[in-house]
Amino acid sequence: MLVDSRKVIGSPIRCGEVTQTWIFKLLDQEPRPGWVRLELEAKGPLVVLDRARFELELSLIASAAGVTVMSSTTLVAIGPFDGQRRPATLEHGNERTLVNARCIIAADGVSSLTARKAGLNTRLPLSAIGSGVAYQMTQLSLAHPRRMTMEPLLPPWPAYPYYFWTIPNGPAQANVGLYVPGREGSRAQALLDSIIASQPHLARGRKDAIVVGMIPEARPLEVPFADGLLVCGGAARFLDPNTGGGISSAILSGRVAAEVVLEAFALGAATADALRPYRRRLEPTVYRTLKTRWRFHDSTVDFARRGLPWKEARDAK
Ligand SMILES: Cc1cc2nc3c(=O)[nH]c(=O)nc-3n(C[C@H](O)[C@H](O)[C@H](O)COP(=O)(O)OP(=O)(O)OC[C@H]3O[C@@H](n4cnc5c(N)ncnc54)[C@H](O)[C@@H]3O)c2cc1C
């Protein structure tokens, strides 16, 4: 069963939609028409998704494969694991349903409460939260219509890892946004407006929609499992602390979670012991990559604190 509180799965987006092409292989899917808006010019194969369409169509593919897909449905409570199952209370409108789940995969994003309801400490203090705000802009005249740019914020705004981005995502259009510490979130949109106004190639564009969201500045959960529960993607803090990118690690962890859950069921029950391989299997991929990215993050933050320029900090890796 796949449960999502959104009315339409995938919408609204809270993302710049840039990701690596290997995600399609992980999903055992060839990209369908409309999933990829644009291939970017970059060192690796980077694409910009139409994430709303991509996620909605993935849910339809899951549904066609036999998954019960429930939108507008929120998981509101979890009970204790009884050795076989965990009760989960789902809310759809005014209706509540109790589901006795053999395992719950918490893929509920950065603001996840599911893992915490099951007893894992996922508390994020304000100091460990970044705020992202962006516009979907059209009618732009970009010098490099397929090149993503990331620029540091200027003083008095804090330097690295916060930045201003332009992600082209179609003809004359881009996602233009920035990322600031959570405590500055209320000033983020005004800052974005002023940066856009100061750049003539952006200032003449049209702001069609706004995208906002939280980016955790916290290391991945060390133990992303408990009895009858696995934690994936943003809920497990699987995001690159330097870019805020988390689509690919969400998909990778989701896939490994599904494999481990099936193996646990084959053994009997999804106890914490049976789910332990989830952490182990993500070690050489998600955990190792994020460890390197956090090392880079920490050294560049230190560089920035000492007043060294962004480029030097970036090249210090
Ligand atoms: C402004 C911004 C820009 C970003 N740009 C990029 C980018 O360009 N590239 C990139 O790779 N990453 C980017 N990210 C990060 C990326 O969006 C996340 O890493 C990614 O979405 C994590 O995926 P997820 O499936 O774990 O969680 P989410 O995408 O957050 O999905 C969680 C889902 O769970 C549902 N949900 C939550 N609680 C419940 C509940 N109790 N019951 C039922 N359903 C629930 C929500 O409705 C939602 O659909 C960006 C983030 C922000 C904020």
# chains A, B, ... in the order shown; residues from 1 in each chain; ligands from 1
>>> closest_atom_pairs(of="segment 196-261 of chain A", to="segment 163-183 of chain A", cutoff="12 Å", atoms="only C-alpha atoms", output="JSON lines")
{"residue": "A:Ile196", "atom": "CA", "partner": "A:Val176", "partner_atom": "CA", "distance": 8.4}
{"residue": "A:Gln199", "atom": "CA", "partner": "A:Thr166", "partner_atom": "CA", "distance": 11.6}
{"residue": "A:His201", "atom": "CA", "partner": "A:Ala172", "partner_atom": "CA", "distance": 10.4}
{"residue": "A:Leu202", "atom": "CA", "partner": "A:Val176", "partner_atom": "CA", "distance": 8.7}
{"residue": "A:Ala203", "atom": "CA", "partner": "A:Val176", "partner_atom": "CA", "distance": 11.2}
{"residue": "A:Arg204", "atom": "CA", "partner": "A:Ala172", "partner_atom": "CA", "distance": 11.4}
{"residue": "A:Gly205", "atom": "CA", "partner": "A:Gln173", "partner_atom": "CA", "distance": 8.4}
{"residue": "A:Arg206", "atom": "CA", "partner": "A:Gln173", "partner_atom": "CA", "distance": 9.1}
{"residue": "A:Lys207", "atom": "CA", "partner": "A:Val176", "partner_atom": "CA", "distance": 9.3}
{"residue": "A:Asp208", "atom": "CA", "partner": "A:Gln173", "partner_atom": "CA", "distance": 10.0}
{"residue": "A:Ala209", "atom": "CA", "partner": "A:Asn175", "partner_atom": "CA", "distance": 9.5}
{"residue": "A:Ile210", "atom": "CA", "partner": "A:Asn175", "partner_atom": "CA", "distance": 9.2}
{"residue": "A:Val211", "atom": "CA", "partner": "A:Gly177", "partner_atom": "CA", "distance": 8.5}
{"residue": "A:Val212", "atom": "CA", "partner": "A:Gly177", "partner_atom": "CA", "distance": 9.2}
{"residue": "A:Gly213", "atom": "CA", "partner": "A:Tyr179", "partner_atom": "CA", "distance": 9.5}
{"residue": "A:Met214", "atom": "CA", "partner": "A:Gly182", "partner_atom": "CA", "distance": 7.9}
{"residue": "A:Ile215", "atom": "CA", "partner": "A:Tyr179", "partner_atom": "CA", "distance": 8.2}
{"residue": "A:Pro216", "atom": "CA", "partner": "A:Gly182", "partner_atom": "CA", "distance": 9.1}
{"residue": "A:Glu217", "atom": "CA", "partner": "A:Pro181", "partner_atom": "CA", "distance": 8.9}
{"residue": "A:Pro241", "atom": "CA", "partner": "A:Tyr179", "partner_atom": "CA", "distance": 11.3}
{"residue": "A:Asn242", "atom": "CA", "partner": "A:Tyr163", "partner_atom": "CA", "distance": 9.4}
{"residue": "A:Thr243", "atom": "CA", "partner": "A:Tyr163", "partner_atom": "CA", "distance": 8.6}
{"residue": "A:Gly244", "atom": "CA", "partner": "A:Tyr179", "partner_atom": "CA", "distance": 8.7}
{"residue": "A:Gly245", "atom": "CA", "partner": "A:Tyr179", "partner_atom": "CA", "distance": 11.9}
>>> select_by_dssp(residues="segment 189-255 of chain A", states="alpha helix (DSSP H)", output="number ranges by chain")
A: 189-198, 200-203, 247-255
>>> residues_near_ligand(ligand="ligand 1", cutoff="7 Å", atoms="only C-alpha atoms and all ligand atoms", output="PyMOL selection string")
chain A and resi 3-6+9-10+14-19+73-76+107-110+112-114+131-134+211-215+232-235+238-239+244-248+250
>>> residues_around(residues="Pro33 of chain A", least_positions_apart="5", cutoff="12 Å", atoms="only C-alpha atoms", output="JSON, numbers by chain")
{"A": [38, 49, 50, 53, 54, 57]}
>>> write_last_selection(atoms="N, CA and C atoms", output="mmCIF file, in the first residue's frame")
data_model
loop_
_atom_site.group_PDB
_atom_site.id
_atom_site.type_symbol
_atom_site.label_atom_id
_atom_site.label_comp_id
_atom_site.auth_asym_id
_atom_site.auth_seq_id
_atom_site.Cartn_x
_atom_site.Cartn_y
_atom_site.Cartn_z
ATOM 1 N N LEU A 38 14.734 18.416 -19.567
ATOM 2 C CA LEU A 38 15.929 18.959 -20.211
ATOM 3 C C LEU A 38 17.158 18.160 -19.791
ATOM 4 N N LEU A 49 14.019 16.852 -14.263
ATOM 5 C CA LEU A 49 12.778 16.077 -14.391
ATOM 6 C C LEU A 49 11.565 16.999 -14.449
ATOM 7 N N ASP A 50 10.474 16.470 -14.953
ATOM 8 C CA ASP A 50 9.168 17.053 -14.640
ATOM 9 C C ASP A 50 8.686 16.185 -13.491
ATOM 10 N N ARG A 53 4.962 15.113 -12.906
ATOM 11 C CA ARG A 53 4.475 14.109 -13.844
ATOM 12 C C ARG A 53 5.128 12.744 -13.584
ATOM 13 N N PHE A 54 6.452 12.780 -13.349
ATOM 14 C CA PHE A 54 7.229 11.575 -13.096
ATOM 15 C C PHE A 54 6.663 10.819 -11.880
ATOM 16 N N GLU A 57 3.109 9.436 -12.535
ATOM 17 C CA GLU A 57 3.105 8.266 -13.419
ATOM 18 C C GLU A 57 3.723 7.048 -12.728
#
>>> residues_around(residues="Leu282 of chain A", least_positions_apart="4", cutoff="10 Å", atoms="only C-alpha atoms", output="MDAnalysis selection string")
chainID A and resid 249 252:253 256:257 277:278 286:289
>>> write_last_selection(atoms="C-alpha atoms", output="PDB file, in the first residue's frame")
ATOM      1  CA  SER A 249      19.446   8.823  -2.757  1.00  0.00           C
ATOM      2  CA  LEU A 252      18.195   4.271  -4.141  1.00  0.00           C
ATOM      3  CA  SER A 253      17.219   3.913  -0.487  1.00  0.00           C
ATOM      4  CA  VAL A 256      17.008  -1.170  -1.119  1.00  0.00           C
ATOM      5  CA  ALA A 257      14.237  -0.807   1.489  1.00  0.00           C
ATOM      6  CA  PRO A 277      20.862  -5.308   6.246  1.00  0.00           C
ATOM      7  CA  TYR A 278      19.190  -2.089   5.009  1.00  0.00           C
ATOM      8  CA  VAL A 286      24.467   6.452   0.170  1.00  0.00           C
ATOM      9  CA  TYR A 287      26.399   6.520   3.470  1.00  0.00           C
ATOM     10  CA  ARG A 288      29.875   6.533   1.944  1.00  0.00           C
ATOM     11  CA  THR A 289      28.998   9.242  -0.586  1.00  0.00           C
TER      12      THR A 289
END
>>> atom_distance(atom1="atom CA of Asp227 of chain A", atom2="atom CA of Leu262 of chain A")
14.5 Å
>>> closest_residue(among="A:Ala159, A:Val8, A:Met150, A:Ala88", to="Ser71 of chain A", atoms="only C-alpha atoms")
A:Val8
>>> residues_around(residues="Gln20 of chain A", least_positions_apart="3", cutoff="10 Å", atoms="only C-alpha atoms", output="list in words")
Ile23, Phe24, Glu39, Gly44, Pro45, Leu46, Val47, Val48, Leu49, Ile247 and Ser248 of chain A
>>> write_last_selection(atoms="N, CA, C and O atoms", output="PDB file, in the first residue's frame")
ATOM      1  N   ILE A  23      18.916   7.048 -12.129  1.00  0.00           N
ATOM      2  CA  ILE A  23      17.722   6.735 -11.315  1.00  0.00           C
ATOM      3  C   ILE A  23      16.735   5.861 -12.099  1.00  0.00           C
ATOM      4  O   ILE A  23      16.024   5.052 -11.523  1.00  0.00           O
ATOM      5  N   PHE A  24      16.717   6.021 -13.427  1.00  0.00           N
ATOM      6  CA  PHE A  24      15.724   5.261 -14.206  1.00  0.00           C
ATOM      7  C   PHE A  24      16.042   3.766 -14.151  1.00  0.00           C
ATOM      8  O   PHE A  24      15.153   2.926 -14.084  1.00  0.00           O
ATOM      9  N   GLU A  39      18.062  17.928 -20.745  1.00  0.00           N
ATOM     10  CA  GLU A  39      19.373  17.367 -20.386  1.00  0.00           C
ATOM     11  C   GLU A  39      20.306  18.539 -20.193  1.00  0.00           C
ATOM     12  O   GLU A  39      20.401  19.406 -21.070  1.00  0.00           O
ATOM     13  N   GLY A  44      28.735  15.201 -15.494  1.00  0.00           N
ATOM     14  CA  GLY A  44      28.047  13.899 -15.536  1.00  0.00           C
ATOM     15  C   GLY A  44      26.727  14.043 -16.264  1.00  0.00           C
ATOM     16  O   GLY A  44      26.349  15.140 -16.656  1.00  0.00           O
ATOM     17  N   PRO A  45      26.016  12.898 -16.452  1.00  0.00           N
ATOM     18  CA  PRO A  45      24.707  12.980 -17.117  1.00  0.00           C
ATOM     19  C   PRO A  45      23.619  13.494 -16.165  1.00  0.00           C
ATOM     20  O   PRO A  45      23.042  12.738 -15.404  1.00  0.00           O
ATOM     21  N   LEU A  46      23.382  14.782 -16.203  1.00  0.00           N
ATOM     22  CA  LEU A  46      22.379  15.405 -15.333  1.00  0.00           C
ATOM     23  C   LEU A  46      21.144  15.782 -16.144  1.00  0.00           C
ATOM     24  O   LEU A  46      21.277  16.304 -17.250  1.00  0.00           O
ATOM     25  N   VAL A  47      19.984  15.517 -15.564  1.00  0.00           N
ATOM     26  CA  VAL A  47      18.748  15.904 -16.249  1.00  0.00           C
ATOM     27  C   VAL A  47      17.854  16.689 -15.292  1.00  0.00           C
ATOM     28  O   VAL A  47      18.002  16.590 -14.075  1.00  0.00           O
ATOM     29  N   VAL A  48      16.928  17.434 -15.876  1.00  0.00           N
ATOM     30  CA  VAL A  48      15.901  18.094 -15.076  1.00  0.00           C
ATOM     31  C   VAL A  48      14.601  17.351 -15.339  1.00  0.00           C
ATOM     32  O   VAL A  48      14.173  17.205 -16.485  1.00  0.00           O
ATOM     33  N   LEU A  49      14.019  16.852 -14.263  1.00  0.00           N
ATOM     34  CA  LEU A  49      12.778  16.077 -14.391  1.00  0.00           C
ATOM     35  C   LEU A  49      11.565  16.999 -14.449  1.00  0.00           C
ATOM     36  O   LEU A  49      11.629  18.144 -13.999  1.00  0.00           O
ATOM     37  N   ILE A 247      17.152  13.517  -4.616  1.00  0.00           N
ATOM     38  CA  ILE A 247      16.231  12.648  -5.374  1.00  0.00           C
ATOM     39  C   ILE A 247      16.849  11.264  -5.553  1.00  0.00           C
ATOM     40  O   ILE A 247      16.215  10.237  -5.302  1.00  0.00           O
ATOM     41  N   SER A 248      18.114  11.228  -5.989  1.00  0.00           N
ATOM     42  CA  SER A 248      18.710   9.931  -6.323  1.00  0.00           C
ATOM     43  C   SER A 248      18.875   9.061  -5.077  1.00  0.00           C
ATOM     44  O   SER A 248      18.594   7.862  -5.119  1.00  0.00           O
TER      45      SER A 248
END
>>> closest_residue(among="A:Ala190, A:Ile78, A:Ala270, A:Leu275", to="Gly119 of chain A", atoms="only C-alpha atoms")
A:Ile78
>>> closest_residue(among="A:Ala266, A:Leu56, A:Ile13, A:Leu120", to="Met70 of chain A", atoms="only C-alpha atoms")
A:Leu56
>>> closest_residue(among="A:Ser72, A:Thr292, A:Gln136, A:Thr271", to="Gly93 of chain A", atoms="only C-alpha atoms")
A:Ser72
>>> atom_distance(atom1="atom CA of Val67 of chain A", atom2="atom CA of Leu2 of chain A")
6.8 Å
>>> closest_residue(among="A:Glu91, A:Asp298, A:Asp82, A:Glu222", to="Arg280 of chain A", atoms="only C-alpha atoms")
A:Glu222
>>> atom_distance(atom1="atom CA of Gly130 of chain A", atom2="atom CA of Leu191 of chain A")
14.7 Å
>>> closest_residue(among="A:Ala269, A:Val301, A:Leu290, A:Leu40", to="Gln84 of chain A", atoms="only C-alpha atoms")
A:Ala269
>>> select_by_dssp(residues="segment 11-106 of chain A", states="strand (DSSP E or B)", output="compact mmCIF listing (two decimals) with N, CA and C atoms, in the first residue's frame")
# COMPACT_ATOMS: atom_id res chain seq x y z
N VAL A 18 16.64 18.55 -10.45
CA VAL A 18 17.86 18.07 -11.14
C VAL A 18 18.25 16.72 -10.56
N THR A 19 18.58 15.78 -11.41
CA THR A 19 19.04 14.50 -10.89
C THR A 19 19.90 13.77 -11.93
N GLN A 20 20.39 12.60 -11.52
CA GLN A 20 21.25 11.82 -12.40
C GLN A 20 20.39 10.83 -13.18
N VAL A 36 11.50 13.76 -18.55
CA VAL A 36 12.71 14.61 -18.54
C VAL A 36 12.40 15.88 -19.31
N ARG A 37 12.56 17.00 -18.62
CA ARG A 37 12.32 18.29 -19.31
C ARG A 37 13.53 18.67 -20.14
N LEU A 38 14.73 18.42 -19.57
CA LEU A 38 15.93 18.96 -20.21
C LEU A 38 17.16 18.16 -19.79
N GLU A 39 18.06 17.93 -20.74
CA GLU A 39 19.37 17.37 -20.39
C GLU A 39 20.31 18.54 -20.19
N LEU A 46 23.38 14.78 -16.20
CA LEU A 46 22.38 15.40 -15.33
C LEU A 46 21.14 15.78 -16.14
N VAL A 47 19.98 15.52 -15.56
CA VAL A 47 18.75 15.90 -16.25
C VAL A 47 17.85 16.69 -15.29
N VAL A 48 16.93 17.43 -15.88
CA VAL A 48 15.90 18.09 -15.08
C VAL A 48 14.60 17.35 -15.34
N LEU A 49 14.02 16.85 -14.26
CA LEU A 49 12.78 16.08 -14.39
C LEU A 49 11.57 17.00 -14.45
N VAL A 69 -2.90 2.34 -4.11
CA VAL A 69 -2.36 3.69 -4.00
C VAL A 69 -3.45 4.60 -3.42
N MET A 70 -3.13 5.27 -2.32
CA MET A 70 -4.12 6.14 -1.68
C MET A 70 -3.57 7.54 -1.54
N THR A 74 -3.31 10.47 5.05
CA THR A 74 -2.17 10.78 5.92
C THR A 74 -2.02 9.74 7.01
N LEU A 75 -0.80 9.31 7.22
CA LEU A 75 -0.53 8.42 8.35
C LEU A 75 -0.48 9.30 9.59
N VAL A 76 -1.37 9.08 10.54
CA VAL A 76 -1.43 9.98 11.70
C VAL A 76 -0.94 9.33 12.99
N ALA A 77 -0.88 8.02 13.04
CA ALA A 77 -0.42 7.37 14.28
C ALA A 77 0.14 5.99 13.96
N ILE A 78 1.06 5.57 14.82
CA ILE A 78 1.67 4.24 14.68
C ILE A 78 1.64 3.59 16.06
N ARG A 86 2.74 -3.78 12.79
CA ARG A 86 2.62 -2.48 13.47
C ARG A 86 1.30 -1.85 13.05
N PRO A 87 0.44 -1.48 13.97
CA PRO A 87 -0.79 -0.80 13.56
C PRO A 87 -0.48 0.63 13.11
N ALA A 88 -1.10 1.02 12.01
CA ALA A 88 -0.91 2.38 11.50
C ALA A 88 -2.29 2.98 11.29
N THR A 89 -2.49 4.20 11.79
CA THR A 89 -3.79 4.85 11.59
C THR A 89 -3.68 5.81 10.41
N LEU A 90 -4.57 5.63 9.43
CA LEU A 90 -4.57 6.48 8.24
C LEU A 90 -5.81 7.36 8.27
N GLU A 91 -5.61 8.61 7.85
CA GLU A 91 -6.74 9.55 7.84
C GLU A 91 -6.99 10.02 6.42
N HIS A 92 -8.24 9.87 5.99
CA HIS A 92 -8.65 10.32 4.65
C HIS A 92 -9.91 11.14 4.86
N GLU A 95 -12.40 10.36 7.72
CA GLU A 95 -12.43 8.91 7.97
C GLU A 95 -11.08 8.40 8.48
N ARG A 96 -11.11 7.55 9.46
CA ARG A 96 -9.86 6.94 9.95
C ARG A 96 -9.90 5.43 9.71
N THR A 97 -8.78 4.89 9.27
CA THR A 97 -8.70 3.45 9.02
C THR A 97 -7.49 2.91 9.75
N LEU A 98 -7.63 1.73 10.33
CA LEU A 98 -6.48 1.11 10.98
C LEU A 98 -5.93 0.02 10.06
N VAL A 99 -4.64 0.11 9.77
CA VAL A 99 -4.00 -0.90 8.92
C VAL A 99 -2.96 -1.61 9.76
N ASN A 100 -2.99 -2.94 9.77
CA ASN A 100 -1.95 -3.68 10.49
C ASN A 100 -0.84 -3.99 9.50
N ALA A 101 0.20 -3.16 9.52
CA ALA A 101 1.24 -3.26 8.49
C ALA A 101 2.34 -4.22 8.93
N ILE A 104 6.40 -0.70 7.84
CA ILE A 104 6.12 0.65 7.34
C ILE A 104 7.43 1.21 6.79
N ILE A 105 7.39 1.71 5.56
CA ILE A 105 8.57 2.40 5.01
C ILE A 105 8.27 3.89 5.09
N ALA A 106 8.99 4.58 5.96
CA ALA A 106 8.75 6.02 6.13
C ALA A 106 9.51 6.75 5.03
